[in-house]
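Data block for model35.cif (mmCIF, C-alpha atoms and all ligand atoms):
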```
data_structure
loop_
_atom_site.label_atom_id
_atom_site.label_comp_id
_atom_site.auth_asym_id
_atom_site.auth_seq_id
_atom_site.Cartn_x
_atom_site.Cartn_y
_atom_site.Cartn_z
CA MET A 1 50.94 8.91 -36.51
CA SER A 2 52.89 11.49 -38.51
CA ASP A 3 53.77 10.37 -42.04
CA LEU A 4 57.40 11.02 -41.11
CA TRP A 5 57.25 7.78 -39.11
CA ARG A 6 55.65 5.66 -41.83
CA GLY A 7 57.62 2.71 -43.15
CA THR A 8 59.01 -0.56 -41.91
CA THR A 9 60.43 -1.07 -38.42
CA ALA A 10 63.92 -1.03 -39.99
CA THR A 11 63.25 2.38 -41.59
CA ARG A 12 61.94 3.80 -38.32
CA LEU A 13 64.91 2.42 -36.40
CA ARG A 14 67.28 3.96 -38.98
CA ILE A 15 65.60 7.36 -38.65
CA ALA A 16 65.39 7.32 -34.84
CA SER A 17 69.02 6.22 -34.41
CA GLY A 18 70.12 8.78 -37.02
CA LEU A 19 68.38 11.53 -35.04
CA VAL A 20 70.11 10.49 -31.79
CA LEU A 21 73.49 10.57 -33.58
CA PHE A 22 72.73 13.92 -35.23
CA ILE A 23 71.91 15.49 -31.86
CA TYR A 24 75.07 13.97 -30.33
CA ALA A 25 77.24 15.31 -33.19
CA LEU A 26 75.59 18.75 -33.12
CA LEU A 27 76.24 19.15 -29.37
CA HIS A 28 79.80 17.79 -29.73
CA PHE A 29 80.57 20.28 -32.53
CA LEU A 30 78.95 23.20 -30.69
CA ASN A 31 81.07 22.22 -27.68
CA ILE A 32 84.24 22.36 -29.80
CA GLY A 33 83.09 25.68 -31.30
CA LEU A 34 82.79 27.23 -27.83
CA GLY A 35 86.60 27.00 -27.71
CA LEU A 36 86.66 29.92 -30.17
CA PHE A 37 85.26 32.12 -27.41
CA SER A 38 86.69 30.69 -24.21
CA THR A 39 88.50 27.54 -23.07
CA GLU A 40 86.72 27.67 -19.68
CA LEU A 41 83.32 27.79 -21.40
CA MET A 42 84.29 24.87 -23.65
CA HIS A 43 85.39 22.77 -20.66
CA ALA A 44 82.28 23.67 -18.64
CA ALA A 45 80.07 22.57 -21.58
CA GLN A 46 82.10 19.37 -21.92
CA ASP A 47 81.53 18.58 -18.22
CA TRP A 48 77.78 19.08 -18.69
CA ARG A 49 77.73 16.94 -21.84
CA GLN A 50 79.63 14.18 -20.14
CA VAL A 51 77.08 13.92 -17.32
CA VAL A 52 74.86 12.43 -20.04
CA THR A 53 77.34 10.87 -22.48
CA ARG A 54 79.44 9.12 -19.80
CA SER A 55 76.44 7.82 -17.85
CA ILE A 56 75.39 4.22 -18.42
CA PRO A 57 72.03 5.14 -20.08
CA GLY A 58 73.78 7.81 -22.21
CA THR A 59 76.47 5.36 -23.29
CA ILE A 60 73.87 2.72 -24.20
CA LEU A 61 71.85 5.33 -26.13
CA ILE A 62 74.79 6.70 -28.17
CA TYR A 63 76.64 3.45 -28.89
CA GLY A 64 73.32 1.59 -29.32
CA ALA A 65 72.18 4.21 -31.86
CA PHE A 66 75.51 3.93 -33.66
CA THR A 67 75.27 0.11 -33.86
CA ILE A 68 71.62 0.16 -34.96
CA HIS A 69 72.17 2.89 -37.58
CA LEU A 70 75.16 1.12 -39.12
CA SER A 71 73.41 -2.28 -39.08
CA MET A 72 70.27 -0.88 -40.73
CA VAL A 73 72.29 0.85 -43.46
CA LEU A 74 74.42 -2.25 -44.15
CA GLY A 75 71.30 -4.46 -44.06
CA ARG A 76 69.49 -2.20 -46.53
CA LEU A 77 72.53 -2.21 -48.81
CA ALA A 78 72.83 -6.02 -48.66
CA LEU A 79 69.13 -6.52 -49.49
CA ARG A 80 69.17 -4.25 -52.56
CA GLY A 81 69.01 -6.16 -55.82
CA THR A 82 71.34 -3.65 -57.44
CA LEU A 83 73.83 -0.97 -56.45
CA ARG A 84 72.29 1.44 -58.97
CA MET A 85 70.97 4.42 -57.03
CA PRO A 86 70.56 8.21 -57.37
CA PHE A 87 73.79 10.20 -56.93
CA TRP A 88 72.71 11.74 -53.61
CA GLU A 89 71.95 8.30 -52.14
CA ALA A 90 75.30 6.88 -53.30
CA ALA A 91 77.14 9.90 -51.83
CA GLN A 92 75.17 9.57 -48.60
CA THR A 93 76.03 5.86 -48.33
CA VAL A 94 79.74 6.30 -49.11
CA LEU A 95 80.05 9.24 -46.67
CA GLY A 96 78.25 7.21 -44.01
CA LEU A 97 80.50 4.18 -44.45
CA MET A 98 83.64 6.31 -44.14
CA ILE A 99 82.56 7.64 -40.72
CA PRO A 100 83.33 4.51 -38.61
CA VAL A 101 86.71 4.14 -40.32
CA LEU A 102 87.74 7.65 -39.26
CA LEU A 103 85.93 7.59 -35.91
CA ILE A 104 87.56 4.50 -34.44
CA ALA A 105 90.97 6.13 -33.80
CA HIS A 106 89.23 9.13 -32.19
CA LEU A 107 87.33 6.86 -29.79
CA VAL A 108 90.54 5.04 -28.86
CA HIS A 109 92.40 8.34 -28.28
CA THR A 110 89.62 9.85 -26.14
CA ARG A 111 87.18 7.73 -24.17
CA THR A 112 89.04 4.41 -24.32
CA ALA A 113 92.39 5.99 -23.33
CA HIS A 114 90.63 7.89 -20.55
CA GLU A 115 88.70 4.94 -19.14
CA LEU A 116 91.56 2.43 -19.37
CA PHE A 117 94.63 4.58 -18.64
CA ASP A 118 93.13 7.73 -17.10
CA VAL A 119 94.50 9.84 -19.99
CA ASN A 120 93.37 13.49 -19.93
CA ASP A 121 90.64 13.88 -22.57
CA GLU A 122 89.66 17.49 -21.98
CA MET A 123 88.73 19.32 -25.19
CA GLY A 124 91.55 21.86 -24.86
CA TYR A 125 94.21 19.17 -24.36
CA ILE A 126 92.89 16.96 -27.20
CA SER A 127 92.67 19.99 -29.55
CA LEU A 128 96.26 20.89 -28.70
CA LEU A 129 97.43 17.31 -29.37
CA LEU A 130 95.56 17.27 -32.70
CA TYR A 131 96.66 20.74 -33.82
CA ASN A 132 98.34 20.63 -37.25
CA THR A 133 98.88 16.85 -37.24
CA LEU A 134 97.66 14.28 -39.76
CA ASP A 135 95.24 13.01 -37.10
CA GLY A 136 93.97 16.56 -36.67
CA TRP A 137 93.25 16.86 -40.41
CA LYS A 138 91.52 13.46 -40.32
CA GLN A 139 89.38 14.78 -37.47
CA CYS A 140 88.45 17.84 -39.54
CA ALA A 141 87.54 15.57 -42.48
CA LEU A 142 85.43 13.47 -40.09
CA LEU A 143 83.65 16.57 -38.85
CA VAL A 144 82.74 17.66 -42.41
CA LEU A 145 81.72 14.09 -43.35
CA VAL A 146 79.48 13.68 -40.30
CA TRP A 147 77.86 17.07 -40.86
CA ALA A 148 77.27 16.51 -44.59
CA HIS A 149 75.92 12.99 -43.99
CA GLY A 150 73.64 14.11 -41.13
CA CYS A 151 72.26 17.18 -42.94
CA THR A 152 71.63 15.24 -46.16
CA GLY A 153 69.80 12.52 -44.22
CA LEU A 154 67.71 15.11 -42.37
CA HIS A 155 66.89 16.96 -45.59
CA PHE A 156 65.73 13.86 -47.47
CA TRP A 157 63.63 12.82 -44.49
CA LEU A 158 61.91 16.20 -44.10
CA ARG A 159 61.84 17.57 -47.66
CA GLY A 160 58.12 16.74 -48.14
CA LYS A 161 57.15 18.97 -45.22
CA PRO A 162 56.11 22.55 -46.05
CA TRP A 163 57.55 23.90 -42.75
CA TRP A 164 60.94 22.43 -43.65
CA ARG A 165 60.83 24.03 -47.13
CA ARG A 166 59.89 27.34 -45.48
CA SER A 167 62.86 27.07 -43.12
CA LEU A 168 65.37 26.57 -45.97
CA PRO A 169 65.83 30.30 -46.85
CA PRO A 170 66.79 31.27 -43.23
CA LEU A 171 69.03 28.18 -43.08
CA ARG A 172 70.71 29.33 -46.30
CA ALA A 173 71.32 32.69 -44.65
CA LEU A 174 72.87 30.85 -41.68
CA ARG A 175 75.27 29.00 -43.97
CA ARG A 176 77.45 32.10 -44.01
CA LEU A 177 78.34 31.26 -40.42
CA SER A 178 79.73 27.82 -41.15
CA PRO A 179 81.97 26.49 -43.94
CA PRO A 180 80.41 22.98 -43.86
CA LEU A 181 76.92 24.49 -44.13
CA HIS A 182 78.12 26.77 -46.92
CA TRP A 183 79.31 23.73 -48.82
CA TRP A 184 76.20 21.68 -48.18
CA LEU A 185 73.25 24.06 -48.65
CA PRO A 186 73.94 25.36 -52.19
CA ASP A 187 74.37 21.75 -53.25
CA ARG A 188 71.04 20.76 -51.75
CA SER A 189 69.17 23.70 -53.25
CA ALA A 190 70.57 22.88 -56.71
CA ALA A 191 69.47 19.25 -56.23
CA ASP A 192 66.03 20.48 -55.13
CA ARG A 193 65.70 22.71 -58.17
CA ARG A 194 66.60 19.81 -60.46
CA GLU A 195 64.14 17.52 -58.71
CA PHE A 196 61.40 20.18 -58.88
CA SER A 197 61.92 20.78 -62.60
CA HIS A 198 61.88 17.01 -63.26
CA SER A 199 58.66 16.59 -61.29
CA ARG A 200 57.01 19.35 -63.37
CA LYS A 201 57.97 17.78 -66.70
CA PRO A 202 54.90 16.18 -68.35
C1 LIG A 301 88.60 18.52 -34.26
C2 LIG A 301 87.51 17.87 -33.96
C3 LIG A 301 87.25 17.14 -32.66
C4 LIG A 301 87.72 17.34 -31.39
C5 LIG A 301 88.70 18.39 -30.89
C6 LIG A 301 87.10 16.35 -30.54
C7 LIG A 301 87.33 16.20 -29.19
C8 LIG A 301 86.85 15.17 -28.42
C9 LIG A 301 87.12 14.97 -27.03
C10 LIG A 301 87.94 15.90 -26.17
C11 LIG A 301 86.50 13.84 -26.63
C12 LIG A 301 86.50 13.17 -25.25
C13 LIG A 301 85.57 13.76 -24.27
C14 LIG A 301 84.15 14.08 -24.74
O1 LIG A 301 83.35 13.19 -25.03
O2 LIG A 301 83.90 15.28 -24.81
C15 LIG A 301 85.81 13.32 -27.77
C16 LIG A 301 85.05 12.17 -27.77
C17 LIG A 301 84.28 11.75 -28.81
N1 LIG A 301 84.14 12.35 -30.04
FE1 LIG A 301 85.20 13.97 -30.66
N2 LIG A 301 86.26 15.60 -31.29
C18 LIG A 301 86.31 16.05 -32.60
C19 LIG A 301 85.58 15.58 -33.67
C20 LIG A 301 84.65 14.57 -33.60
C21 LIG A 301 83.83 14.15 -34.70
C22 LIG A 301 83.86 14.76 -36.09
C23 LIG A 301 83.06 13.14 -34.25
C24 LIG A 301 82.05 12.40 -35.04
C25 LIG A 301 80.82 12.28 -34.67
C26 LIG A 301 83.39 12.90 -32.86
C27 LIG A 301 82.81 11.95 -32.05
C28 LIG A 301 83.23 11.65 -30.78
C29 LIG A 301 82.75 10.53 -29.99
C30 LIG A 301 81.70 9.50 -30.43
C31 LIG A 301 83.41 10.59 -28.77
C32 LIG A 301 83.29 9.60 -27.59
C33 LIG A 301 82.30 10.11 -26.60
C34 LIG A 301 82.20 9.17 -25.41
O3 LIG A 301 82.00 7.98 -25.59
O4 LIG A 301 82.30 9.69 -24.31
N3 LIG A 301 84.35 13.80 -32.50
N4 LIG A 301 86.03 14.14 -28.85
#
```

If you convert what's in this file into structure tokens, what do you get?
Amino acid sequence: MSDLWRGTTATRLRIASGLVLFIYALLHFLNIGLGLFSTELMHAAQDWRQVVTRSIPGTILIYGAFTIHLSMVLGRLALRGTLRMPFWEAAQTVLGLMIPVLLIAHLVHTRTAHELFDVNDEMGYISLLLYNTLDGWKQCALLVLVWAHGCTGLHFWLRGKPWWRRSLPPLRALRRLSPPLHWWLPDRSAADRREFSHSRKP
């Protein structure tokens, strides 16, 4: 078994559920991004995504992953003897705990409203409703939070792997394409440099 999957059952569950949520968020954000090129393309991608996300197995997978991830994080926090932790871990925990608070209204406005009252929840319509409103800005904050939390989690999971370290320079080049990436990657590389110099101190 790969050393990436070492650890307790709780750790493995946290990693596996985190990966499911990361993939969900990545596809959701790419779907929104398609709207920059064409509304038709964005709606076609949404229809394809929903074949999975609105199916019963897809719903169980996504909402199950969300419940497991949150429970594992809260459980780990409750079992700690102290709240003293490295800055990155504290930031990761606080960012993670803010996600459900911001996400709940979004779920009510989209899937719940659609399923219960047949409200239109097409990307274009929702984006138009959100445009330049407080809810819209909250959604943008949620997007940045989710991305920062997911990328930080992924980085601290994979940082021991040489192939991941090798992929960091091209990823840093990619950051130019995305403001959230731009914000996150320089931060991570500075943290890495600090960690590296500490580990080399006698
Ligand atoms: C401006 C940003 C956003 C827009 C325009 C947007 C738009 C939408 C739309 C149209 C839906 C309903 C249909 C579908 O699933 O595609 C939806 C659902 C959803 N969104 Fe967003 N979203 C945004 C940001 C986010 C963020 C940051 C997250 C956090 C992960 C998120 C998570 C979800 C979830 C979990 C659902 C419910 C999916 C389901 O159960 O079917 N969204 N969003």

- Message: What does the list of residues within 6 Å of ligand LIG 301 (chain A) look like if you count all atoms listed in the file, written as a PyMOL selection string?
- Response: chain A and resi 25+46+53-54+107+110-111+121-123+126-127+139-140+142-143+146

- For Pro100 of chain A, work out the shell of residues within 12 Å, counting all atoms listed in the file and skipping chain neighbours fewer than 3 positions away, then give it as a list in words. Tyr63, Phe66, Thr67, His69, Leu70, Val94, Leu95, Gly96, Leu97, Leu103, Ile104, Ala105, His106, Leu107, Gln139, Leu142, Leu145 and Val146 of chain A

- All residues 10 Å or closer to Leu4 of chain A, all atoms listed in the file, same chain fewer than 6 positions away omitted, as a ChimeraX atom specification: /A:12,15,157-158,160-161

Same residues, C-alpha atoms, output as a JSON list (two decimals), keeping the file's coordinate frame:
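again30.json written:
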```
[["chain", "number", "residue", "atom", "x", "y", "z"],
["A", 12, "ARG", "CA", 61.94, 3.80, -38.32],
["A", 15, "ILE", "CA", 65.60, 7.36, -38.65],
["A", 157, "TRP", "CA", 63.63, 12.82, -44.49],
["A", 158, "LEU", "CA", 61.91, 16.20, -44.10],
["A", 160, "GLY", "CA", 58.12, 16.74, -48.14],
["A", 161, "LYS", "CA", 57.15, 18.97, -45.22]]
```

- Message: Just the number, please: distance in Å from atom CA of Gln92 of chain A to atom CA of Gly153 of chain A, one decimal.
- Response: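 Going from atom CA of Gln92 of chain A over to atom CA of Gly153 of chain A, I get 7.5 Å.
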
- Query: So which residues are close to (79.3, 14.6, -35.9), meaning at most 10 Å away in the file's coordinates with all atoms listed in the file counted, and can you show them as a ChimeraX atom specification?
  - Reply: /A:21-29,99,103,142-150
